[in-house]
Amino acid sequence: MLVSEAWLKEFVDYTLPTGELTAKLTMAGLEVDSVEPAAAEFSGVIIGEVLSVEPHPNADKLRLCKVSVGDADALDIVCGASNVRTALRIPVAIVGAVLPGDFKIKPSKLRGEPSNGMLCSKQELGLADSTDGLMELPDDAPVGVDIREYLQLNDTIIEVDLTPNRADCLSIQGVAREIACFSDQPMRLAKAADIDVSIDDQVNVIVEAPGDCPRYLGQVIKGLDRSAPTPIWMQEKLRRCGQRSLGPLVDVTNYVLLELGQPLHAFDLNKIESDIVVRRAKVGEKLALLNEQIIDLDDSLLVIADKAKPLAFAGVMGGEQSAVNDATTDVFLECAFFTPISIAGKSRKFGLHTDSSYRFERGVDPELCYRALRRAIELLTSIAGGQVGPLTDVSSGITLPKNKTVRFRFERIARMLGVQMSEELVETYFASLGMQVEKNVSEWLVTAPSYRFDIGIEADLIEEVARLYGYDKLPQNKLNVSGSLVAVEEATQPLDRIKDLLVDLGYQEAITYSFTDEASLNLLAPNADVYRLKNPISSDLSVMRTTLWAGLLKAMDANIKRHEETVRFFETGLKFSVENGELKQQQVLSMLATGQAQPEQWGESSRGIDYYDIKHDVEAILALNGKASDYQFESAQHDALHPGQTAQLKNKAGELVGYIGLLHPALERDFGVKKPVYLVELIQSYIQSRQLPVFEMVSKYPSVRRDLALIMDEKQYVNEIVSYIYQQHSLVSEVVVFDIYQGKGVESGRKSIALGLILQDKSKTLVEQDVEELLKVLLGDLNNLFNAQLRE
């Protein structure tokens, strides 16, 4: 939020230098992001009046102007602005002036005519990014006065970054209240004059949703002068706070919003049919907003309507059908209190972000409505005239928030802050914050003002004391903590060790959001029941992820667009599902790989990553735990994976550990992928289960190798055979698969697998008879169990 120092000083007359002020604001919890001058540096620009305008004899678009700047002699200045005219008062850069960008004004001739100065636009003074002509000043602007002095441009703009709980500071008045607390200066509130009610016109208001809108105020104003300009002082204040002038009606509501923090909205009275109704929208209703966006309404949204149609998206944005324009002379001015829960998340649902919704979502003082409405009417009628009707006030005492009273124990200050304070000092702090204190023997009862809706518990009060005392003054004491060593479960592989392995294999760790867009999840897991967020950051982050693949695919896409040809990612985190109406979560490890298997080199031809590369990486994790033989890869089906290149991983108990495979071709098109992408998702608890190491004497007897070529069904999983050999034959220390063959000499539907068996006995040297007996038994078992025969 942008704050003008000059505007702040209208509320509190502090003397702190800007640097000290920003430091104190930051230490008080209102972090200052930047400090900038209110206007670019320039000099020698004074207010002038155009006395005459004549055509330029040598240029159709230029004019010869006589301009008074308060001296005896008028200046001859050549000007090409379309809005230059007699009696116009404008900023004049006289000879010797220096404009932003170190542009110096010198006497010159333009198309043969002398020009001793320059008539300036807002853009040339650095007050606007673009402009349509000269900067027009009021008719009573004093000729000869420096424009910096007239517009008070020697001001500073402070950008304050507020935490969501400090919505009470989303205004000039709110920030000034904080400054008054730590500068020991009284607060001067902007007092609105009593409104002179001169007509009887009134709009009847019906609030059908008092829980969402506990207070709704409004007044009719008729006969506004639509040609009245916004005063230059108001335009300047709006500009310094990041708002541009759009005419008195809009400018006044924006001004009160910035000054007091209360959003208001002006309806064109002649576009309202009968009563105003504050209600929930009906399913199927549509509303065209001021930004020309048409939204589909539902019963979760609050609208301001008349008997015929919705008029505005309550607390967010007005509707186009009831909007004021240059022809509007009669308005109904709305000032309401909407509860944060009724507004929160509603604007983001449609990609909207307005100053009004930003404040209502965080909370607005429910008692501020009356003063804000009076202030707006006072300003509007002083600028554009008009007659004011009586106040319409619909308030619900039941649903309006009540000022909170919090139980406070004085001795808790020393315990929580580590510093001793006097009761008088703490009472002074509470009084400066507008809090009422009732002191009892054992505790204080502290009632927060209506604008401090963030105060709810004792810790909040102690935080306020700490802020005003100064965080930098609190003692820094070392904590006395007794450390104790906790036994580490050796059978659990540390997750960091698995991550280190994946990094060694060429992967990079990714961290993605736990929520994503529903469209992506429906593609990857169409049958999953997703958990939808009630208040999402945006529509693209509206549901909790049912798989980590959604985030990894987006990260991959971002990297490929930045010309990363090979991407290997892994991520550990929670995935979420809904079972029997309850949210369930599970910790998983997900992997993604696409691109080249090896970096470009001369020693080996390039090839793309394939299924067996990523399968090898999974096997490396299993081998790290010493349990590679306890797991089986089986052909499987998965909605997101290629039906011919998908496997499920199971442990020896038959429990599903996860999936590995190639992204489905149909999803490649949906995600805009142009090359194969391999994915893995494993349940983390299984892959962290580690085989405890057991000492084993190295055999002093030699090993023997025998190679077998087995014929088997082409659908037979080789790893089933290898696992069986390991489990049933203790003399086999290693099995190597070194060849797979299908073709001539092998029956159709069968395949030949070449296995290398490494045999070793730890107690003796194996002789040929021992080896032959083992092979005879092994081949018989393989034939009976797997229909695998020795190839002849």
# chains A, B, ... in the order shown; residues from 1 in each chain; ligands from 1
$ residues_around --residues "Lys24 of chain A" --least-positions-apart "5" --cutoff "9 Å" --atoms "only C-alpha atoms" --output "list in words"
Gly19, Gly29, Leu30, Ile179, Phe182 and Gly470 of chain A
$ write_last_selection --atoms "N, CA, C and O atoms" --output "PDB file, in the first residue's frame"
ATOM      1  N   GLY A  19      13.596   8.473   7.452  1.00  0.00           N
ATOM      2  CA  GLY A  19      14.347   7.244   7.722  1.00  0.00           C
ATOM      3  C   GLY A  19      13.986   6.619   9.049  1.00  0.00           C
ATOM      4  O   GLY A  19      13.805   5.408   9.162  1.00  0.00           O
ATOM      5  N   GLY A  29       5.770  -3.744  12.874  1.00  0.00           N
ATOM      6  CA  GLY A  29       5.061  -4.787  12.145  1.00  0.00           C
ATOM      7  C   GLY A  29       4.499  -4.337  10.814  1.00  0.00           C
ATOM      8  O   GLY A  29       3.910  -5.140  10.089  1.00  0.00           O
ATOM      9  N   LEU A  30       4.689  -3.065  10.456  1.00  0.00           N
ATOM     10  CA  LEU A  30       4.246  -2.542   9.164  1.00  0.00           C
ATOM     11  C   LEU A  30       5.492  -2.394   8.290  1.00  0.00           C
ATOM     12  O   LEU A  30       6.105  -1.335   8.224  1.00  0.00           O
ATOM     13  N   ILE A 179       1.468   5.479  13.864  1.00  0.00           N
ATOM     14  CA  ILE A 179       2.504   6.484  14.087  1.00  0.00           C
ATOM     15  C   ILE A 179       2.229   7.256  15.371  1.00  0.00           C
ATOM     16  O   ILE A 179       3.142   7.559  16.145  1.00  0.00           O
ATOM     17  N   PHE A 182       3.623   5.378  18.523  1.00  0.00           N
ATOM     18  CA  PHE A 182       5.043   5.368  18.875  1.00  0.00           C
ATOM     19  C   PHE A 182       5.704   6.750  18.776  1.00  0.00           C
ATOM     20  O   PHE A 182       6.881   6.889  19.091  1.00  0.00           O
ATOM     21  N   GLY A 470       9.109  -2.057  21.615  1.00  0.00           N
ATOM     22  CA  GLY A 470      10.214  -2.149  20.647  1.00  0.00           C
ATOM     23  C   GLY A 470      10.822  -3.537  20.649  1.00  0.00           C
ATOM     24  O   GLY A 470      11.426  -3.930  21.661  1.00  0.00           O
TER      25      GLY A 470
END
$ residues_around --residues "Ala38 of chain A" --least-positions-apart "5" --cutoff "7 Å" --atoms "only C-alpha atoms" --output "PyMOL selection string"
chain A and resi 153-157+240
$ residues_around --residues "Val92 of chain A" --least-positions-apart "4" --cutoff "7 Å" --atoms "only C-alpha atoms" --output "short mmCIF file (atom, residue, chain, number, x, y, z; two decimals) with N, CA, C and O atoms, in the first residue's frame"
data_model
loop_
_atom_site.label_atom_id
_atom_site.label_comp_id
_atom_site.auth_asym_id
_atom_site.auth_seq_id
_atom_site.Cartn_x
_atom_site.Cartn_y
_atom_site.Cartn_z
N VAL A 45 9.91 25.52 -12.48
CA VAL A 45 8.58 25.40 -13.08
C VAL A 45 7.61 26.17 -12.18
O VAL A 45 7.46 25.87 -11.00
N ILE A 46 6.95 27.18 -12.76
CA ILE A 46 6.03 28.02 -12.00
C ILE A 46 4.68 28.06 -12.69
O ILE A 46 4.54 27.65 -13.85
N ILE A 47 3.69 28.55 -11.96
CA ILE A 47 2.33 28.61 -12.50
C ILE A 47 2.21 29.83 -13.41
O ILE A 47 2.62 30.95 -13.05
N GLY A 48 1.69 29.60 -14.60
CA GLY A 48 1.51 30.70 -15.55
C GLY A 48 0.09 30.73 -16.07
O GLY A 48 -0.69 29.78 -15.89
N GLY A 117 10.64 29.45 -23.07
CA GLY A 117 10.09 28.60 -22.03
C GLY A 117 9.32 27.43 -22.62
O GLY A 117 9.37 27.19 -23.84
N MET A 118 8.59 26.75 -21.76
CA MET A 118 7.86 25.56 -22.21
C MET A 118 6.63 25.38 -21.34
O MET A 118 6.71 25.43 -20.10
N LEU A 119 5.47 25.18 -21.98
CA LEU A 119 4.26 24.83 -21.25
C LEU A 119 4.26 23.32 -21.04
O LEU A 119 4.49 22.56 -21.98
N CYS A 120 4.00 22.87 -19.81
CA CYS A 120 4.29 21.48 -19.44
C CYS A 120 3.03 20.63 -19.28
O CYS A 120 1.98 21.09 -18.81
#
$ atom_distance --atom1 "atom CA of Thr516 of chain A" --atom2 "atom CA of Ile537 of chain A"
10.2 Å
$ closest_residue --among "A:Gly780, A:Leu8, A:Glu565, A:Val694" --to "Lys675 of chain A" --atoms "only C-alpha atoms"
A:Glu565
$ closest_residue --among "A:Ile341, A:Leu127, A:Met421, A:Leu373" --to "Pro37 of chain A" --atoms "only C-alpha atoms"
A:Leu127
$ residues_around --residues "Ile511 of chain A" --least-positions-apart "3" --cutoff "9 Å" --atoms "only C-alpha atoms" --output "list of chain:residue names"
A:Gly551, A:Leu552, A:Phe570, A:Glu571, A:Thr572, A:Gly573
$ residues_around --residues "Ile758 of chain A" --least-positions-apart "3" --cutoff "7 Å" --atoms "only C-alpha atoms" --output "NGL selection string"
:A and (703-706 or 732-735)
$ write_last_selection --atoms "C-alpha atoms" --output "mmCIF file, in the first residue's frame"
data_model
loop_
_atom_site.group_PDB
_atom_site.id
_atom_site.type_symbol
_atom_site.label_atom_id
_atom_site.label_comp_id
_atom_site.auth_asym_id
_atom_site.auth_seq_id
_atom_site.Cartn_x
_atom_site.Cartn_y
_atom_site.Cartn_z
ATOM 1 C CA SER A 703 33.385 -69.640 -7.307
ATOM 2 C CA VAL A 704 32.112 -71.446 -10.372
ATOM 3 C CA ARG A 705 30.140 -69.964 -13.262
ATOM 4 C CA ARG A 706 27.657 -71.824 -15.387
ATOM 5 C CA VAL A 732 23.846 -69.302 -6.043
ATOM 6 C CA SER A 733 25.570 -66.051 -5.049
ATOM 7 C CA GLU A 734 24.711 -64.100 -8.181
ATOM 8 C CA VAL A 735 22.479 -64.357 -11.252
#
$ closest_residue --among "A:Phe515, A:Trp549, A:Phe338, A:Tyr726" --to "Asn535 of chain A" --atoms "only C-alpha atoms"
A:Phe515
$ select_by_dssp --residues "segment 481-611 of chain A" --states "alpha helix (DSSP H)" --output "ChimeraX atom specification"
/A:495-504,518-524,549-560,611
$ write_last_selection --atoms "C-alpha atoms" --output "short mmCIF file (atom, residue, chain, number, x, y, z; two decimals), in the first residue's frame"
data_model
loop_
_atom_site.label_atom_id
_atom_site.label_comp_id
_atom_site.auth_asym_id
_atom_site.auth_seq_id
_atom_site.Cartn_x
_atom_site.Cartn_y
_atom_site.Cartn_z
CA LEU A 495 15.12 -40.10 3.23
CA ASP A 496 18.10 -37.84 2.66
CA ARG A 497 20.21 -40.89 1.74
CA ILE A 498 17.70 -41.82 -0.97
CA LYS A 499 17.71 -38.24 -2.21
CA ASP A 500 21.52 -38.26 -2.36
CA LEU A 501 21.39 -41.41 -4.46
CA LEU A 502 18.96 -39.85 -6.92
CA VAL A 503 21.13 -36.75 -7.19
CA ASP A 504 24.10 -39.03 -7.95
CA GLU A 518 -8.48 -29.90 -11.34
CA ALA A 519 -8.16 -30.31 -15.11
CA SER A 520 -4.62 -31.74 -14.84
CA LEU A 521 -5.62 -34.14 -12.07
CA ASN A 522 -8.62 -35.36 -14.06
CA LEU A 523 -6.24 -36.30 -16.87
CA LEU A 524 -3.74 -38.10 -14.62
CA TRP A 549 3.05 -35.99 -11.30
CA ALA A 550 0.88 -32.93 -11.98
CA GLY A 551 3.42 -30.56 -10.44
CA LEU A 552 6.43 -32.36 -11.93
CA LEU A 553 4.95 -32.20 -15.44
CA LYS A 554 4.43 -28.44 -15.09
CA ALA A 555 8.00 -28.03 -13.81
CA MET A 556 9.27 -30.11 -16.74
CA ASP A 557 7.32 -27.96 -19.21
CA ALA A 558 8.80 -24.77 -17.75
CA ASN A 559 12.32 -26.19 -18.09
CA ILE A 560 11.85 -27.47 -21.63
CA TYR A 611 11.81 -47.61 -19.66
#
$ decode --residues "segment 70-106 of chain A" --atoms "N, CA, C and O atoms" --output "PDB file, in the first residue's frame"
ATOM      1  N   GLY A  70       3.736  36.158 -13.777  1.00  0.00           N
ATOM      2  CA  GLY A  70       3.804  37.043 -12.621  1.00  0.00           C
ATOM      3  C   GLY A  70       4.761  38.183 -12.791  1.00  0.00           C
ATOM      4  O   GLY A  70       4.769  39.114 -11.981  1.00  0.00           O
ATOM      5  N   ASP A  71       5.624  38.154 -13.818  1.00  0.00           N
ATOM      6  CA  ASP A  71       6.543  39.251 -14.066  1.00  0.00           C
ATOM      7  C   ASP A  71       5.831  40.358 -14.851  1.00  0.00           C
ATOM      8  O   ASP A  71       4.702  40.192 -15.323  1.00  0.00           O
ATOM      9  N   ALA A  72       6.541  41.455 -15.056  1.00  0.00           N
ATOM     10  CA  ALA A  72       5.958  42.580 -15.786  1.00  0.00           C
ATOM     11  C   ALA A  72       5.722  42.231 -17.253  1.00  0.00           C
ATOM     12  O   ALA A  72       4.710  42.609 -17.839  1.00  0.00           O
ATOM     13  N   ASP A  73       6.682  41.501 -17.836  1.00  0.00           N
ATOM     14  CA  ASP A  73       6.582  41.179 -19.253  1.00  0.00           C
ATOM     15  C   ASP A  73       6.125  39.732 -19.441  1.00  0.00           C
ATOM     16  O   ASP A  73       6.639  38.823 -18.775  1.00  0.00           O
ATOM     17  N   ALA A  74       5.174  39.540 -20.347  1.00  0.00           N
ATOM     18  CA  ALA A  74       4.711  38.190 -20.669  1.00  0.00           C
ATOM     19  C   ALA A  74       5.750  37.473 -21.524  1.00  0.00           C
ATOM     20  O   ALA A  74       6.512  38.105 -22.271  1.00  0.00           O
ATOM     21  N   LEU A  75       5.783  36.151 -21.416  1.00  0.00           N
ATOM     22  CA  LEU A  75       6.731  35.340 -22.175  1.00  0.00           C
ATOM     23  C   LEU A  75       6.125  34.917 -23.501  1.00  0.00           C
ATOM     24  O   LEU A  75       4.933  34.597 -23.584  1.00  0.00           O
ATOM     25  N   ASP A  76       6.976  34.895 -24.543  1.00  0.00           N
ATOM     26  CA  ASP A  76       6.578  34.325 -25.836  1.00  0.00           C
ATOM     27  C   ASP A  76       6.978  32.853 -25.836  1.00  0.00           C
ATOM     28  O   ASP A  76       8.170  32.519 -25.708  1.00  0.00           O
ATOM     29  N   ILE A  77       5.988  31.988 -25.948  1.00  0.00           N
ATOM     30  CA  ILE A  77       6.262  30.544 -25.926  1.00  0.00           C
ATOM     31  C   ILE A  77       5.504  29.880 -27.057  1.00  0.00           C
ATOM     32  O   ILE A  77       4.294  30.123 -27.246  1.00  0.00           O
ATOM     33  N   VAL A  78       6.202  29.047 -27.813  1.00  0.00           N
ATOM     34  CA  VAL A  78       5.576  28.269 -28.887  1.00  0.00           C
ATOM     35  C   VAL A  78       5.111  26.946 -28.292  1.00  0.00           C
ATOM     36  O   VAL A  78       5.884  26.248 -27.620  1.00  0.00           O
ATOM     37  N   CYS A  79       3.852  26.601 -28.558  1.00  0.00           N
ATOM     38  CA  CYS A  79       3.270  25.384 -27.952  1.00  0.00           C
ATOM     39  C   CYS A  79       2.490  24.605 -29.006  1.00  0.00           C
ATOM     40  O   CYS A  79       1.810  25.197 -29.857  1.00  0.00           O
ATOM     41  N   GLY A  80       2.572  23.271 -28.933  1.00  0.00           N
ATOM     42  CA  GLY A  80       1.839  22.440 -29.883  1.00  0.00           C
ATOM     43  C   GLY A  80       0.720  21.646 -29.253  1.00  0.00           C
ATOM     44  O   GLY A  80       0.102  20.803 -29.908  1.00  0.00           O
ATOM     45  N   ALA A  81       0.414  21.883 -27.973  1.00  0.00           N
ATOM     46  CA  ALA A  81      -0.634  21.106 -27.296  1.00  0.00           C
ATOM     47  C   ALA A  81      -2.014  21.488 -27.823  1.00  0.00           C
ATOM     48  O   ALA A  81      -2.291  22.664 -28.093  1.00  0.00           O
ATOM     49  N   SER A  82      -2.883  20.518 -27.956  1.00  0.00           N
ATOM     50  CA  SER A  82      -4.214  20.762 -28.518  1.00  0.00           C
ATOM     51  C   SER A  82      -5.132  21.505 -27.557  1.00  0.00           C
ATOM     52  O   SER A  82      -6.105  22.129 -27.976  1.00  0.00           O
ATOM     53  N   ASN A  83      -4.833  21.432 -26.230  1.00  0.00           N
ATOM     54  CA  ASN A  83      -5.743  22.055 -25.256  1.00  0.00           C
ATOM     55  C   ASN A  83      -5.281  23.429 -24.782  1.00  0.00           C
ATOM     56  O   ASN A  83      -5.819  23.967 -23.825  1.00  0.00           O
ATOM     57  N   VAL A  84      -4.268  24.002 -25.427  1.00  0.00           N
ATOM     58  CA  VAL A  84      -3.835  25.341 -25.038  1.00  0.00           C
ATOM     59  C   VAL A  84      -4.912  26.352 -25.454  1.00  0.00           C
ATOM     60  O   VAL A  84      -5.465  26.277 -26.555  1.00  0.00           O
ATOM     61  N   ARG A  85      -5.223  27.304 -24.562  1.00  0.00           N
ATOM     62  CA  ARG A  85      -6.272  28.289 -24.844  1.00  0.00           C
ATOM     63  C   ARG A  85      -6.096  29.480 -23.919  1.00  0.00           C
ATOM     64  O   ARG A  85      -5.387  29.400 -22.893  1.00  0.00           O
ATOM     65  N   THR A  86      -6.738  30.551 -24.265  1.00  0.00           N
ATOM     66  CA  THR A  86      -6.654  31.783 -23.487  1.00  0.00           C
ATOM     67  C   THR A  86      -7.247  31.580 -22.090  1.00  0.00           C
ATOM     68  O   THR A  86      -8.255  30.874 -21.928  1.00  0.00           O
ATOM     69  N   ALA A  87      -6.605  32.181 -21.094  1.00  0.00           N
ATOM     70  CA  ALA A  87      -7.001  32.145 -19.673  1.00  0.00           C
ATOM     71  C   ALA A  87      -6.700  30.815 -18.991  1.00  0.00           C
ATOM     72  O   ALA A  87      -7.014  30.646 -17.810  1.00  0.00           O
ATOM     73  N   LEU A  88      -6.065  29.895 -19.720  1.00  0.00           N
ATOM     74  CA  LEU A  88      -5.708  28.601 -19.103  1.00  0.00           C
ATOM     75  C   LEU A  88      -4.504  28.785 -18.189  1.00  0.00           C
ATOM     76  O   LEU A  88      -3.535  29.466 -18.547  1.00  0.00           O
ATOM     77  N   ARG A  89      -4.565  28.183 -17.002  1.00  0.00           N
ATOM     78  CA  ARG A  89      -3.427  28.219 -16.086  1.00  0.00           C
ATOM     79  C   ARG A  89      -2.723  26.864 -16.111  1.00  0.00           C
ATOM     80  O   ARG A  89      -3.362  25.823 -15.954  1.00  0.00           O
ATOM     81  N   ILE A  90      -1.415  26.979 -16.302  1.00  0.00           N
ATOM     82  CA  ILE A  90      -0.636  25.765 -16.550  1.00  0.00           C
ATOM     83  C   ILE A  90       0.749  25.895 -15.901  1.00  0.00           C
ATOM     84  O   ILE A  90       1.173  26.996 -15.542  1.00  0.00           O
ATOM     85  N   PRO A  91       1.468  24.759 -15.738  1.00  0.00           N
ATOM     86  CA  PRO A  91       2.863  24.830 -15.293  1.00  0.00           C
ATOM     87  C   PRO A  91       3.736  25.325 -16.450  1.00  0.00           C
ATOM     88  O   PRO A  91       3.605  24.848 -17.579  1.00  0.00           O
ATOM     89  N   VAL A  92       4.621  26.292 -16.153  1.00  0.00           N
ATOM     90  CA  VAL A  92       5.510  26.853 -17.170  1.00  0.00           C
ATOM     91  C   VAL A  92       6.963  26.645 -16.732  1.00  0.00           C
ATOM     92  O   VAL A  92       7.353  27.074 -15.628  1.00  0.00           O
ATOM     93  N   ALA A  93       7.722  25.969 -17.593  1.00  0.00           N
ATOM     94  CA  ALA A  93       9.160  25.826 -17.341  1.00  0.00           C
ATOM     95  C   ALA A  93       9.849  27.022 -17.976  1.00  0.00           C
ATOM     96  O   ALA A  93       9.903  27.142 -19.203  1.00  0.00           O
ATOM     97  N   ILE A  94      10.324  27.929 -17.143  1.00  0.00           N
ATOM     98  CA  ILE A  94      10.945  29.146 -17.661  1.00  0.00           C
ATOM     99  C   ILE A  94      12.390  28.850 -18.065  1.00  0.00           C
ATOM    100  O   ILE A  94      12.938  27.780 -17.772  1.00  0.00           O
ATOM    101  N   VAL A  95      13.002  29.807 -18.753  1.00  0.00           N
ATOM    102  CA  VAL A  95      14.401  29.637 -19.176  1.00  0.00           C
ATOM    103  C   VAL A  95      15.276  29.412 -17.943  1.00  0.00           C
ATOM    104  O   VAL A  95      15.190  30.154 -16.957  1.00  0.00           O
ATOM    105  N   GLY A  96      16.095  28.372 -17.999  1.00  0.00           N
ATOM    106  CA  GLY A  96      16.923  27.980 -16.859  1.00  0.00           C
ATOM    107  C   GLY A  96      16.340  26.832 -16.056  1.00  0.00           C
ATOM    108  O   GLY A  96      17.022  26.270 -15.190  1.00  0.00           O
ATOM    109  N   ALA A  97      15.088  26.474 -16.319  1.00  0.00           N
ATOM    110  CA  ALA A  97      14.465  25.346 -15.618  1.00  0.00           C
ATOM    111  C   ALA A  97      15.135  24.034 -16.033  1.00  0.00           C
ATOM    112  O   ALA A  97      15.654  23.891 -17.147  1.00  0.00           O
ATOM    113  N   VAL A  98      15.106  23.068 -15.105  1.00  0.00           N
ATOM    114  CA  VAL A  98      15.633  21.725 -15.378  1.00  0.00           C
ATOM    115  C   VAL A  98      14.512  20.722 -15.118  1.00  0.00           C
ATOM    116  O   VAL A  98      14.032  20.599 -13.992  1.00  0.00           O
ATOM    117  N   LEU A  99      14.105  20.020 -16.175  1.00  0.00           N
ATOM    118  CA  LEU A  99      13.023  19.048 -16.073  1.00  0.00           C
ATOM    119  C   LEU A  99      13.585  17.651 -15.819  1.00  0.00           C
ATOM    120  O   LEU A  99      14.800  17.429 -15.949  1.00  0.00           O
ATOM    121  N   PRO A 100      12.735  16.683 -15.432  1.00  0.00           N
ATOM    122  CA  PRO A 100      13.212  15.320 -15.194  1.00  0.00           C
ATOM    123  C   PRO A 100      14.019  14.796 -16.389  1.00  0.00           C
ATOM    124  O   PRO A 100      13.689  15.069 -17.556  1.00  0.00           O
ATOM    125  N   GLY A 101      15.062  14.067 -16.084  1.00  0.00           N
ATOM    126  CA  GLY A 101      15.952  13.578 -17.132  1.00  0.00           C
ATOM    127  C   GLY A 101      17.032  14.590 -17.475  1.00  0.00           C
ATOM    128  O   GLY A 101      17.676  14.473 -18.530  1.00  0.00           O
ATOM    129  N   ASP A 102      17.214  15.605 -16.598  1.00  0.00           N
ATOM    130  CA  ASP A 102      18.228  16.652 -16.787  1.00  0.00           C
ATOM    131  C   ASP A 102      18.010  17.412 -18.097  1.00  0.00           C
ATOM    132  O   ASP A 102      18.958  17.775 -18.795  1.00  0.00           O
ATOM    133  N   PHE A 103      16.718  17.662 -18.425  1.00  0.00           N
ATOM    134  CA  PHE A 103      16.369  18.410 -19.632  1.00  0.00           C
ATOM    135  C   PHE A 103      16.313  19.893 -19.283  1.00  0.00           C
ATOM    136  O   PHE A 103      15.464  20.329 -18.502  1.00  0.00           O
ATOM    137  N   LYS A 104      17.224  20.678 -19.854  1.00  0.00           N
ATOM    138  CA  LYS A 104      17.357  22.095 -19.507  1.00  0.00           C
ATOM    139  C   LYS A 104      16.631  22.961 -20.531  1.00  0.00           C
ATOM    140  O   LYS A 104      16.716  22.728 -21.736  1.00  0.00           O
ATOM    141  N   ILE A 105      15.914  23.958 -20.026  1.00  0.00           N
ATOM    142  CA  ILE A 105      15.148  24.863 -20.878  1.00  0.00           C
ATOM    143  C   ILE A 105      16.022  26.079 -21.230  1.00  0.00           C
ATOM    144  O   ILE A 105      16.533  26.773 -20.334  1.00  0.00           O
ATOM    145  N   LYS A 106      16.151  26.298 -22.541  1.00  0.00           N
ATOM    146  CA  LYS A 106      16.952  27.420 -23.026  1.00  0.00           C
ATOM    147  C   LYS A 106      16.122  28.236 -24.019  1.00  0.00           C
ATOM    148  O   LYS A 106      15.162  27.723 -24.609  1.00  0.00           O
TER     149      LYS A 106
END
